[in-house]
Structure formats: C-alpha cells, structure tokens
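A.B. asks: Next up, my_file-v8.cif (mmCIF, C-alpha atoms and all ligand atoms).
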data_upload
loop_
_atom_site.label_atom_id
_atom_site.label_comp_id
_atom_site.auth_asym_id
_atom_site.auth_seq_id
_atom_site.Cartn_x
_atom_site.Cartn_y
_atom_site.Cartn_z
CA MET J 2 8.27 -2.12 -19.31
CA GLU J 3 11.55 -3.50 -18.08
CA PHE J 4 11.45 -4.26 -14.36
CA ILE J 5 14.25 -1.80 -13.61
CA GLN J 6 12.41 0.96 -15.51
CA VAL J 7 9.24 0.31 -13.54
CA VAL J 8 11.15 0.60 -10.27
CA ALA J 9 12.99 3.74 -11.41
CA ARG J 10 9.84 5.45 -12.70
CA ARG J 11 7.65 4.78 -9.68
CA ARG J 12 6.79 7.98 -7.78
CA MET J 13 4.10 8.62 -5.25
CA VAL J 14 1.37 10.43 -7.18
CA ARG J 15 -1.02 12.67 -5.26
CA GLU J 16 -3.02 14.34 -8.04
CA PHE J 17 -5.39 12.36 -10.20
CA ALA J 18 -7.33 13.01 -13.40
CA ASP J 19 -11.09 12.80 -13.19
CA GLU J 20 -11.18 9.60 -15.23
CA PRO J 21 -12.59 6.27 -14.09
CA ILE J 22 -10.41 3.21 -13.64
CA PRO J 23 -12.38 0.16 -14.80
CA ASN J 24 -12.68 -2.85 -12.58
CA ASP J 25 -10.67 -5.11 -14.90
CA VAL J 26 -7.70 -2.76 -14.48
CA VAL J 27 -8.04 -2.88 -10.70
CA MET J 28 -8.17 -6.67 -10.96
CA LYS J 29 -4.95 -6.69 -13.03
CA ILE J 30 -3.26 -4.68 -10.29
CA LEU J 31 -4.54 -6.94 -7.54
CA GLU J 32 -3.51 -10.07 -9.44
CA VAL J 33 0.04 -8.74 -9.21
CA ALA J 34 -0.36 -8.02 -5.49
CA HIS J 35 -1.73 -11.52 -5.06
CA ARG J 36 1.77 -12.83 -5.93
CA SER J 37 3.08 -11.21 -2.75
CA PRO J 38 5.03 -13.37 -0.34
CA SER J 39 3.93 -13.76 3.27
CA ALA J 40 5.55 -15.18 6.39
CA GLY J 41 4.88 -18.92 6.48
CA HIS J 42 2.72 -18.42 3.36
CA LEU J 43 -0.13 -17.56 5.72
CA GLN J 44 -1.54 -15.00 3.24
CA PRO J 45 -3.11 -12.50 5.65
CA GLN J 46 -3.46 -9.84 2.94
CA GLU J 47 -6.95 -8.54 2.17
CA PHE J 48 -7.77 -5.79 -0.34
CA ILE J 49 -10.73 -3.47 0.07
CA ILE J 50 -11.75 -1.63 -3.09
CA VAL J 51 -13.40 1.72 -2.38
CA ARG J 52 -15.13 3.73 -5.07
CA SER J 53 -17.94 5.62 -3.36
CA ALA J 54 -17.29 9.34 -2.91
CA GLU J 55 -18.54 9.22 0.67
CA GLN J 56 -16.31 6.32 1.72
CA LYS J 57 -13.29 7.94 0.02
CA ARG J 58 -13.96 11.21 1.86
CA LYS J 59 -14.20 9.38 5.17
CA LEU J 60 -10.91 7.60 4.48
CA ALA J 61 -9.25 10.89 3.53
CA ARG J 62 -10.42 12.44 6.80
CA ALA J 63 -9.23 9.37 8.75
CA ALA J 64 -5.86 9.83 7.04
CA LEU J 65 -5.31 13.12 8.85
CA ASN J 66 -7.21 15.05 6.18
CA GLN J 67 -5.08 13.95 3.23
CA MET J 68 -7.92 14.90 0.90
CA PHE J 69 -6.11 13.85 -2.30
CA ILE J 70 -7.24 10.34 -1.39
CA ALA J 71 -10.83 11.35 -2.14
CA GLN J 72 -9.80 12.74 -5.55
CA ALA J 73 -8.72 9.34 -6.87
CA PRO J 74 -11.30 7.32 -8.81
CA VAL J 75 -10.48 4.21 -6.83
CA VAL J 76 -8.81 3.53 -3.51
CA VAL J 77 -7.45 0.17 -2.40
CA VAL J 78 -7.00 -0.34 1.32
CA VAL J 79 -4.53 -3.10 2.06
CA CYS J 80 -5.23 -4.93 5.31
CA SER J 81 -3.78 -7.89 7.14
CA ASP J 82 -5.99 -10.37 8.88
CA THR J 83 -3.72 -10.86 11.88
CA ARG J 84 -5.66 -13.98 12.91
CA ARG J 85 -3.84 -15.76 10.10
CA ASN J 86 -0.44 -14.61 11.40
CA VAL J 87 -1.21 -15.27 15.04
CA TRP J 88 -2.19 -18.90 14.93
CA ARG J 89 1.31 -19.90 13.91
CA TYR J 90 3.53 -17.03 15.02
CA GLY J 91 1.78 -15.49 18.02
CA LYS J 92 2.86 -11.98 19.00
CA ARG J 93 5.57 -11.72 16.32
CA GLY J 94 3.03 -12.70 13.71
CA ARG J 95 0.52 -10.11 14.90
CA ASP J 96 2.92 -7.20 15.50
CA PHE J 97 5.59 -7.74 12.84
CA TYR J 98 4.87 -10.23 10.04
CA SER J 99 1.36 -8.90 9.43
CA ILE J 100 2.74 -5.44 8.69
CA ILE J 101 5.51 -6.70 6.44
CA ASP J 102 3.11 -8.95 4.52
CA GLY J 103 0.79 -6.00 3.92
CA ALA J 104 3.69 -3.74 2.97
CA PHE J 105 5.03 -6.22 0.41
CA ALA J 106 1.60 -6.47 -1.24
CA SER J 107 1.35 -2.67 -1.21
CA MET J 108 4.69 -2.30 -2.97
CA LEU J 109 3.51 -4.67 -5.70
CA ILE J 110 0.38 -2.55 -6.12
CA LEU J 111 2.53 0.57 -6.55
CA LEU J 112 4.75 -1.14 -9.13
CA ALA J 113 1.80 -2.65 -11.01
CA CYS J 114 0.26 0.83 -11.24
CA THR J 115 3.48 2.29 -12.66
CA ASN J 116 3.69 -0.55 -15.16
CA LEU J 117 0.16 0.30 -16.36
CA GLY J 118 0.90 4.04 -16.57
CA LEU J 119 -1.21 4.77 -13.49
CA GLY J 120 -0.38 6.82 -10.43
CA ALA J 121 -0.73 5.73 -6.82
CA CYS J 122 0.42 6.75 -3.37
CA PHE J 123 0.99 4.64 -0.28
CA VAL J 124 -0.64 6.45 2.63
CA GLY J 125 0.42 5.17 6.02
CA ALA J 126 -0.49 8.17 8.16
CA PHE J 127 -3.99 7.45 9.40
CA ASP J 128 -6.02 6.84 12.50
CA ASP J 129 -6.23 3.02 12.62
CA GLU J 130 -9.41 2.96 14.63
CA GLU J 131 -11.17 5.43 12.39
CA VAL J 132 -10.19 3.52 9.22
CA SER J 133 -11.38 0.29 10.84
CA ARG J 134 -14.69 1.94 11.71
CA VAL J 135 -15.22 3.35 8.20
CA LEU J 136 -14.50 -0.01 6.58
CA ASN J 137 -16.26 -2.08 9.24
CA LEU J 138 -13.14 -4.20 9.75
CA PRO J 139 -13.17 -7.08 12.22
CA ARG J 140 -11.12 -6.21 15.32
CA GLU J 141 -8.19 -8.45 14.29
CA VAL J 142 -7.95 -7.06 10.75
CA ARG J 143 -5.35 -4.31 10.66
CA PRO J 144 -5.32 -1.63 7.96
CA ILE J 145 -1.77 -1.34 6.58
CA GLY J 146 -2.02 1.18 3.78
CA ILE J 147 -4.51 3.34 1.94
CA ILE J 148 -3.62 3.47 -1.76
CA PRO J 149 -5.46 5.94 -3.99
CA ILE J 150 -5.07 5.01 -7.66
CA GLY J 151 -5.81 6.97 -10.81
CA LYS J 152 -4.48 8.46 -13.98
CA PRO J 153 -1.71 10.85 -12.87
CA ALA J 154 -2.47 14.58 -13.12
CA GLU J 155 1.01 15.55 -11.97
CA LYS J 156 4.54 14.49 -12.68
CA PRO J 157 6.18 14.37 -9.28
CA GLU J 158 9.80 15.42 -9.19
CA LYS J 159 12.41 12.76 -8.74
CA LEU J 160 13.57 12.79 -5.15
CA GLY J 161 17.22 12.23 -4.39
CA ARG J 162 18.30 9.23 -2.39
CA ARG J 163 21.00 8.96 0.26
CA PRO J 164 24.18 7.78 -1.46
CA LEU J 165 24.22 4.00 -1.71
CA LYS J 166 27.71 3.76 -0.31
CA GLU J 167 26.61 5.66 2.80
CA ILE J 168 23.93 3.11 3.65
CA ILE J 169 25.78 -0.11 2.88
CA HIS J 170 27.71 -1.67 5.73
CA TYR J 171 30.10 -4.57 5.63
CA GLU J 172 30.20 -7.12 8.38
CA GLN J 173 29.08 -4.58 11.03
CA TRP J 174 27.38 -1.13 11.29
C1 LIG A 1 5.45 3.69 5.44
C2 LIG A 1 5.13 4.85 4.51
C3 LIG A 1 4.13 5.74 4.86
C4 LIG A 1 3.81 6.78 3.99
N1 LIG A 1 2.76 7.60 4.31
C5 LIG A 1 2.43 8.59 3.46
C6 LIG A 1 1.30 9.40 3.74
O1 LIG A 1 0.59 9.25 4.74
N2 LIG A 1 1.01 10.40 2.86
C7 LIG A 1 1.74 10.60 1.72
O2 LIG A 1 1.40 11.51 0.96
N3 LIG A 1 2.83 9.84 1.43
C8 LIG A 1 3.17 8.83 2.27
N4 LIG A 1 4.24 8.03 1.97
C9 LIG A 1 5.02 8.27 0.73
C10 LIG A 1 6.40 8.85 0.99
O3 LIG A 1 6.26 10.18 1.41
C11 LIG A 1 7.24 8.74 -0.30
O4 LIG A 1 7.46 7.39 -0.60
C12 LIG A 1 8.59 9.42 -0.17
O5 LIG A 1 8.42 10.79 -0.01
C13 LIG A 1 9.50 9.17 -1.38
O6 LIG A 1 8.83 9.57 -2.57
P1 LIG A 1 8.74 8.56 -3.82
O7 LIG A 1 8.10 7.29 -3.29
O8 LIG A 1 7.86 9.27 -4.82
O9 LIG A 1 10.11 8.34 -4.34
C14 LIG A 1 4.55 6.97 2.79
C15 LIG A 1 5.54 6.06 2.46
C16 LIG A 1 5.82 4.99 3.29
C17 LIG A 1 6.88 4.00 2.88
#
Go ahead and render the structure in this file as structure tokens.
Ligand SMILES: Cc1cc2nc3c(=O)[nH]c(=O)nc-3n(C[C@H](O)[C@H](O)[C@H](O)COP(=O)(O)O)c2cc1C

C.D. replies:
Amino acid sequence: MEFIQVVARRRMVREFADEPIPNDVVMKILEVAHRSPSAGHLQPQEFIIVRSAEQKRKLARAALNQMFIAQAPVVVVVCSDTRRNVWRYGKRGRDFYSIIDGAFASMLILLACTNLGLGACFVGAFDDEEVSRVLNLPREVRPIGIIPIGKPAEKPEKLGRRPLKEIIHYEQW
C-alpha cells in the first residue's frame, strides 16, 4: 500500500475476529516498530507479546475494563525502559523522552497493522501499577500502550478532524 493510503486508512479497531495471528506476522509488525527513532538513539522500547487468555483478561481489567482487549488474539504492550533514558537525560529522559519513544514505536505498530490488513487500537487508559504487576515489569520499566491486534470484525467510521487551517499557526499562536 502507498504510505499515504496506509495513514488515511488507519482506524482504531476495537472488535476482532476469532482468528489467530501467527507469530511471524507479529514479528513483521515488530520489525517495523524496531525502526522507531528514540531520543539520543537510546532505544528504551520493549515489546511484550501477550497471548494467554488470562493475561489478556487481566490487562483488559487493568485498562479500566476495556474488555475488547481480551477479545484480540494477540496483544502487544509497548514499554519504555526508563533506565536507558535516564542515564543520559535524567528527569527529562524519564518523564518525557521515554513516553515519546514508546509512542513513536506504537504508531509504527498501528501503521504496520493497517498495511497488513489487520486491526489494532492504542489503549492508553490504564492503571500503570496494575499493568506493571500483571506483566511483572521492573520498577523503572514504564508501560506506554496496550495494543490489541487482530483481524478486524468491524469497520470503524471515519472520524472528522479539526480543519487543518484552524490548527496551523504562523510565527506565533
Ligand atoms: C494517547 C492515546 C490514548 C488512547 N487511549 C485509548 C483507550 O484507552 N481506549 C480506546 O479505545 N482508544 C484509545 N485511544 C484511541 C483514540 O480514541 C482514537 O485514536 C481517536 O478516537 C481517533 O480515532 P482514530 O484513531 O480511529 O482516527 C487513544 C489514543 C491515544 C492517542
């Protein structure tokens, strides 16, 4: 698919067919995410692949009961190991760059899924501590996004965007 088509077609998908996603497909997606930039090329991004029904249910509950997460055949949790950001950038690395690095990788996952005809949703509303507990994350590893992935079982409507000319500013706000 043309890049611009991939971007235009991407929607958050929250209903998934009951069809498995093989590991080589997940690897294709993560190879794309692996191209993500990171501040200072410190590469804090870590990807946790979750397939077990029990772990998916626990993640869905930790995400304020967004149970569609548990419906997906596979869930990727994008994390940032803030230790990598901190050693060079201190507080800004921990509180700011780590989130952006994880978000950039997440966006690439979403676009890679669209390119492969798969659906995915970035879920950012979750209880950090609960997600960390479920995944047994080291204290310094911050979960950035929970991304359920599967064959789409819905065609989400295209949402309007604020007019471009309303959000572009020249020289000053
Ligand atoms: C930082 C962030 C957090 C989000 N958290 C959630 C979430 O917890 N649950 C959810 O269903 N969608 C979540 N979304 C998806 C947005 O609701 C979605 O991107 C928006 O409604 C626009 O829809 P579209 O991406 O399909 O165009 C999140 C998106 C972002 C960027």

A.B. asks: Please find the residues contacting ligand LIG 1 (chain A) at a distance of at most 8 Å between atoms, with only C-alpha atoms and all ligand atoms counted, and report them as a list in words.

C.D. replies: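 Using only C-alpha atoms and all ligand atoms, I find these residues within 8 Å of ligand LIG 1 (chain A): Arg11, Arg12, Met13, Val14, Arg15, Ala64, Gln67, Cys122, Phe123, Val124, Gly125, Ala126, Phe127, Gly146, Pro157, Glu158, Lys159 and Leu160 of chain J.
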
A.B. asks: Counting only C-alpha atoms, what is within 8 Å of Ser39 (chain J), bar same-chain residues fewer than 3 positions away, as a PyMOL selection string?

C.D. replies: chain J and resi 42-45+98+101-102

A.B. asks: Tell me which of J:Asp25, J:Glu155, J:Glu55, J:Glu130 sits closest to Ala71 (chain J), counting only C-alpha atoms.

C.D. replies: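 The shortest atom-to-atom distance to Ala71 (chain J) comes from J:Glu55.
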
A.B. asks: Would you mind listing what lies within 7 Å of Ser37 (chain J) as a ChimeraX atom specification, with all atoms listed in the file counted and same-chain residues fewer than 3 positions away left out?

C.D. replies: /J:34,105-106

A.B. asks: Taking only C-alpha atoms into account, which of J:Val33, J:Val51, J:Val8, J:Leu60 comes nearest Val135 (chain J)?

C.D. replies: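 Looking only at the distances to Val135 (chain J), the closest residue turns out to be J:Leu60.
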
A.B. asks: Using all atoms listed in the file, which residues sit within 10 Å of Asn116 (chain J) once same-chain residues fewer than 5 positions away are excluded, as a ChimeraX atom specification?

C.D. replies: /J:2-4,6-8,10-11,30,110-111

A.B. asks: Mind pulling up the distance from CA of Asp129 (chain J) to CA of Arg143 (chain J)?

C.D. replies: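 Spanning CA of Arg143 (chain J) to CA of Asp129 (chain J) is a straight-line distance of 7.6 Å.
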
A.B. asks: Between J:Leu31, J:Ala61, J:Leu136, J:Ile22, which one has atoms that come closest to Ala113 (chain J), using all atoms listed in the file?

C.D. replies: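 That would be J:Leu31, the residue with the smallest distance to Ala113 (chain J).
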
A.B. asks: May I ask for the distance between CA of Ala121 (chain J) and CA of Pro153 (chain J), given in Å to one decimal place?

C.D. replies: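 These atoms are spaced 8.0 Å apart.
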
A.B. asks: Skipping near chain neighbours, those fewer than 5 positions away, what residues fall within 9 Å of Pro144 (chain J) using all atoms listed in the file, listed as a list in words?

C.D. replies: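 Selected residues are Val78, Val79, Cys80, Ser81, Asp82, Ile100, Gly103, Asp129, Val132, Ser133 and Leu138 of chain J.
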
A.B. asks: Please write the residues from the selection above to a file, keeping C-alpha atoms, as a PDB file, in the coordinates of the input.

C.D. replies:
ATOM      1  CA  VAL J  78      -7.000  -0.340   1.320  1.00  0.00           C
ATOM      2  CA  VAL J  79      -4.530  -3.100   2.060  1.00  0.00           C
ATOM      3  CA  CYS J  80      -5.230  -4.930   5.310  1.00  0.00           C
ATOM      4  CA  SER J  81      -3.780  -7.890   7.140  1.00  0.00           C
ATOM      5  CA  ASP J  82      -5.990 -10.370   8.880  1.00  0.00           C
ATOM      6  CA  ILE J 100       2.740  -5.440   8.690  1.00  0.00           C
ATOM      7  CA  GLY J 103       0.790  -6.000   3.920  1.00  0.00           C
ATOM      8  CA  ASP J 129      -6.230   3.020  12.620  1.00  0.00           C
ATOM      9  CA  VAL J 132     -10.190   3.520   9.220  1.00  0.00           C
ATOM     10  CA  SER J 133     -11.380   0.290  10.840  1.00  0.00           C
ATOM     11  CA  LEU J 138     -13.140  -4.200   9.750  1.00  0.00           C
TER      12      LEU J 138
END

A.B. asks: Would you please work out which residue, of J:Arg58, J:Arg84, J:Phe97, J:Leu117, is nearest to Lys152 (chain J) when using all atoms listed in the file?

C.D. replies: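 So, comparing all the options, the nearest one is J:Leu117.
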
A.B. asks: So for region 144-163 of chain J, what box centre and size do we get, axis-aligned, 6 Å extra on each of the six sides, every listed atom, Å to one decimal, as lines of an AutoDock Vina configuration file?

C.D. replies:
center_x = 7.6
center_y = 7.0
center_z = -3.0
size_x = 38.8
size_y = 29.2
size_z = 33.9

A.B. asks: Nearest to Glu32 (chain J): which of J:Ala104, J:Ala18, J:Leu119, J:Cys114 is it, counting only C-alpha atoms?

C.D. replies: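 That would be J:Cys114, the residue with the smallest distance to Glu32 (chain J).
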
A.B. asks: When you count all atoms listed in the file, which of these residues is closest to Gly118 (chain J): J:Arg95, J:Arg163, J:Lys156, J:Arg134?

C.D. replies: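 Closest to Gly118 (chain J), using all atoms listed in the file: J:Lys156.
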
A.B. asks: Interatomic distance between CA of His35 (chain J) and CA of Lys59 (chain J)?

C.D. replies: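 It comes out at 26.4 Å.
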
A.B. asks: Val75 (chain J): which residues within 9 Å, counting only C-alpha atoms, same-chain residues fewer than 3 positions away excluded, as a PDB file with C-alpha atoms, keeping the file's coordinate frame?

C.D. replies:
ATOM      1  CA  PRO J  21     -12.590   6.270 -14.090  1.00  0.00           C
ATOM      2  CA  ILE J  22     -10.410   3.210 -13.640  1.00  0.00           C
ATOM      3  CA  VAL J  27      -8.040  -2.880 -10.700  1.00  0.00           C
ATOM      4  CA  ILE J  50     -11.750  -1.630  -3.090  1.00  0.00           C
ATOM      5  CA  VAL J  51     -13.400   1.720  -2.380  1.00  0.00           C
ATOM      6  CA  ARG J  52     -15.130   3.730  -5.070  1.00  0.00           C
ATOM      7  CA  SER J  53     -17.940   5.620  -3.360  1.00  0.00           C
ATOM      8  CA  LYS J  57     -13.290   7.940   0.020  1.00  0.00           C
ATOM      9  CA  ILE J  70      -7.240  10.340  -1.390  1.00  0.00           C
ATOM     10  CA  ALA J  71     -10.830  11.350  -2.140  1.00  0.00           C
ATOM     11  CA  GLN J  72      -9.800  12.740  -5.550  1.00  0.00           C
ATOM     12  CA  ILE J 148      -3.620   3.470  -1.760  1.00  0.00           C
ATOM     13  CA  PRO J 149      -5.460   5.940  -3.990  1.00  0.00           C
ATOM     14  CA  ILE J 150      -5.070   5.010  -7.660  1.00  0.00           C
ATOM     15  CA  GLY J 151      -5.810   6.970 -10.810  1.00  0.00           C
TER      16      GLY J 151
END

A.B. asks: Can you take the partial region 77-88 of chain J, add all heavy atoms, and return it as an mmCIF file, keeping the file's coordinate frame?

C.D. replies:
data_model
loop_
_atom_site.group_PDB
_atom_site.id
_atom_site.type_symbol
_atom_site.label_atom_id
_atom_site.label_comp_id
_atom_site.auth_asym_id
_atom_site.auth_seq_id
_atom_site.Cartn_x
_atom_site.Cartn_y
_atom_site.Cartn_z
ATOM 1 N N VAL J 77 -7.570 1.531 -2.935
ATOM 2 C CA VAL J 77 -7.450 0.170 -2.400
ATOM 3 C C VAL J 77 -6.859 0.279 -0.995
ATOM 4 O O VAL J 77 -5.822 0.912 -0.804
ATOM 5 C CB VAL J 77 -6.547 -0.721 -3.285
ATOM 6 C CG1 VAL J 77 -6.279 -2.070 -2.622
ATOM 7 C CG2 VAL J 77 -7.192 -0.929 -4.664
ATOM 8 N N VAL J 78 -7.544 -0.309 -0.037
ATOM 9 C CA VAL J 78 -7.000 -0.340 1.320
ATOM 10 C C VAL J 78 -6.464 -1.754 1.548
ATOM 11 O O VAL J 78 -7.201 -2.743 1.445
ATOM 12 C CB VAL J 78 -8.065 0.008 2.378
ATOM 13 C CG1 VAL J 78 -7.430 0.023 3.771
ATOM 14 C CG2 VAL J 78 -8.708 1.361 2.066
ATOM 15 N N VAL J 79 -5.167 -1.813 1.800
ATOM 16 C CA VAL J 79 -4.530 -3.100 2.060
ATOM 17 C C VAL J 79 -4.602 -3.378 3.551
ATOM 18 O O VAL J 79 -4.239 -2.521 4.377
ATOM 19 C CB VAL J 79 -3.052 -3.093 1.601
ATOM 20 C CG1 VAL J 79 -2.370 -4.414 1.935
ATOM 21 C CG2 VAL J 79 -2.960 -2.801 0.103
ATOM 22 N N CYS J 80 -5.098 -4.544 3.895
ATOM 23 C CA CYS J 80 -5.230 -4.930 5.310
ATOM 24 C C CYS J 80 -4.545 -6.269 5.525
ATOM 25 O O CYS J 80 -4.326 -7.022 4.569
ATOM 26 C CB CYS J 80 -6.698 -5.099 5.675
ATOM 27 S SG CYS J 80 -7.692 -3.625 5.423
ATOM 28 N N SER J 81 -4.241 -6.553 6.772
ATOM 29 C CA SER J 81 -3.780 -7.890 7.140
ATOM 30 C C SER J 81 -4.716 -8.469 8.171
ATOM 31 O O SER J 81 -5.000 -7.821 9.192
ATOM 32 C CB SER J 81 -2.356 -7.839 7.707
ATOM 33 O OG SER J 81 -1.424 -7.720 6.657
ATOM 34 N N ASP J 82 -5.154 -9.672 7.891
ATOM 35 C CA ASP J 82 -5.990 -10.370 8.880
ATOM 36 C C ASP J 82 -5.024 -11.062 9.839
ATOM 37 O O ASP J 82 -4.495 -12.147 9.554
ATOM 38 C CB ASP J 82 -6.882 -11.394 8.166
ATOM 39 C CG ASP J 82 -7.863 -12.039 9.141
ATOM 40 O OD1 ASP J 82 -7.600 -11.995 10.359
ATOM 41 O OD2 ASP J 82 -8.882 -12.573 8.679
ATOM 42 N N THR J 83 -4.780 -10.392 10.964
ATOM 43 C CA THR J 83 -3.720 -10.860 11.880
ATOM 44 C C THR J 83 -4.054 -12.229 12.494
ATOM 45 O O THR J 83 -3.159 -12.894 13.009
ATOM 46 C CB THR J 83 -3.470 -9.836 13.015
ATOM 47 O OG1 THR J 83 -4.663 -9.696 13.785
ATOM 48 C CG2 THR J 83 -3.059 -8.480 12.465
ATOM 49 N N ARG J 84 -5.320 -12.640 12.394
ATOM 50 C CA ARG J 84 -5.660 -13.980 12.910
ATOM 51 C C ARG J 84 -4.849 -15.049 12.186
ATOM 52 O O ARG J 84 -4.477 -16.064 12.753
ATOM 53 C CB ARG J 84 -7.164 -14.255 12.741
ATOM 54 C CG ARG J 84 -8.022 -13.413 13.673
ATOM 55 C CD ARG J 84 -9.474 -13.535 13.352
ATOM 56 N NE ARG J 84 -9.798 -12.891 12.071
ATOM 57 C CZ ARG J 84 -11.014 -12.459 11.747
ATOM 58 N NH1 ARG J 84 -12.005 -12.570 12.609
ATOM 59 N NH2 ARG J 84 -11.240 -11.908 10.573
ATOM 60 N N ARG J 85 -4.607 -14.786 10.890
ATOM 61 C CA ARG J 85 -3.840 -15.760 10.100
ATOM 62 C C ARG J 85 -2.390 -15.809 10.572
ATOM 63 O O ARG J 85 -1.766 -16.860 10.575
ATOM 64 C CB ARG J 85 -3.889 -15.390 8.619
ATOM 65 C CG ARG J 85 -5.231 -15.658 8.003
ATOM 66 C CD ARG J 85 -5.232 -15.359 6.512
ATOM 67 N NE ARG J 85 -6.320 -16.055 5.884
ATOM 68 C CZ ARG J 85 -6.239 -17.278 5.361
ATOM 69 N NH1 ARG J 85 -5.106 -17.933 5.345
ATOM 70 N NH2 ARG J 85 -7.285 -17.853 4.835
ATOM 71 N N ASN J 86 -1.836 -14.637 10.945
ATOM 72 C CA ASN J 86 -0.440 -14.610 11.400
ATOM 73 C C ASN J 86 -0.313 -15.199 12.800
ATOM 74 O O ASN J 86 0.672 -15.862 13.108
ATOM 75 C CB ASN J 86 0.087 -13.168 11.452
ATOM 76 C CG ASN J 86 -0.030 -12.448 10.132
ATOM 77 O OD1 ASN J 86 -0.969 -11.677 9.919
ATOM 78 N ND2 ASN J 86 0.901 -12.702 9.239
ATOM 79 N N VAL J 87 -1.328 -14.940 13.621
ATOM 80 C CA VAL J 87 -1.210 -15.270 15.040
ATOM 81 C C VAL J 87 -1.227 -16.763 15.295
ATOM 82 O O VAL J 87 -0.485 -17.256 16.142
ATOM 83 C CB VAL J 87 -2.347 -14.564 15.842
ATOM 84 C CG1 VAL J 87 -2.530 -15.199 17.209
ATOM 85 C CG2 VAL J 87 -2.038 -13.083 15.987
ATOM 86 N N TRP J 88 -2.040 -17.485 14.547
ATOM 87 C CA TRP J 88 -2.190 -18.900 14.930
ATOM 88 C C TRP J 88 -0.875 -19.638 14.863
ATOM 89 O O TRP J 88 -0.613 -20.531 15.639
ATOM 90 C CB TRP J 88 -3.312 -19.595 14.162
ATOM 91 C CG TRP J 88 -2.943 -20.040 12.765
ATOM 92 C CD1 TRP J 88 -3.130 -19.333 11.625
ATOM 93 C CD2 TRP J 88 -2.340 -21.280 12.379
ATOM 94 N NE1 TRP J 88 -2.666 -20.037 10.539
ATOM 95 C CE2 TRP J 88 -2.182 -21.245 10.973
ATOM 96 C CE3 TRP J 88 -1.909 -22.414 13.075
ATOM 97 C CZ2 TRP J 88 -1.610 -22.287 10.246
ATOM 98 C CZ3 TRP J 88 -1.338 -23.460 12.336
ATOM 99 C CH2 TRP J 88 -1.202 -23.393 10.941
#
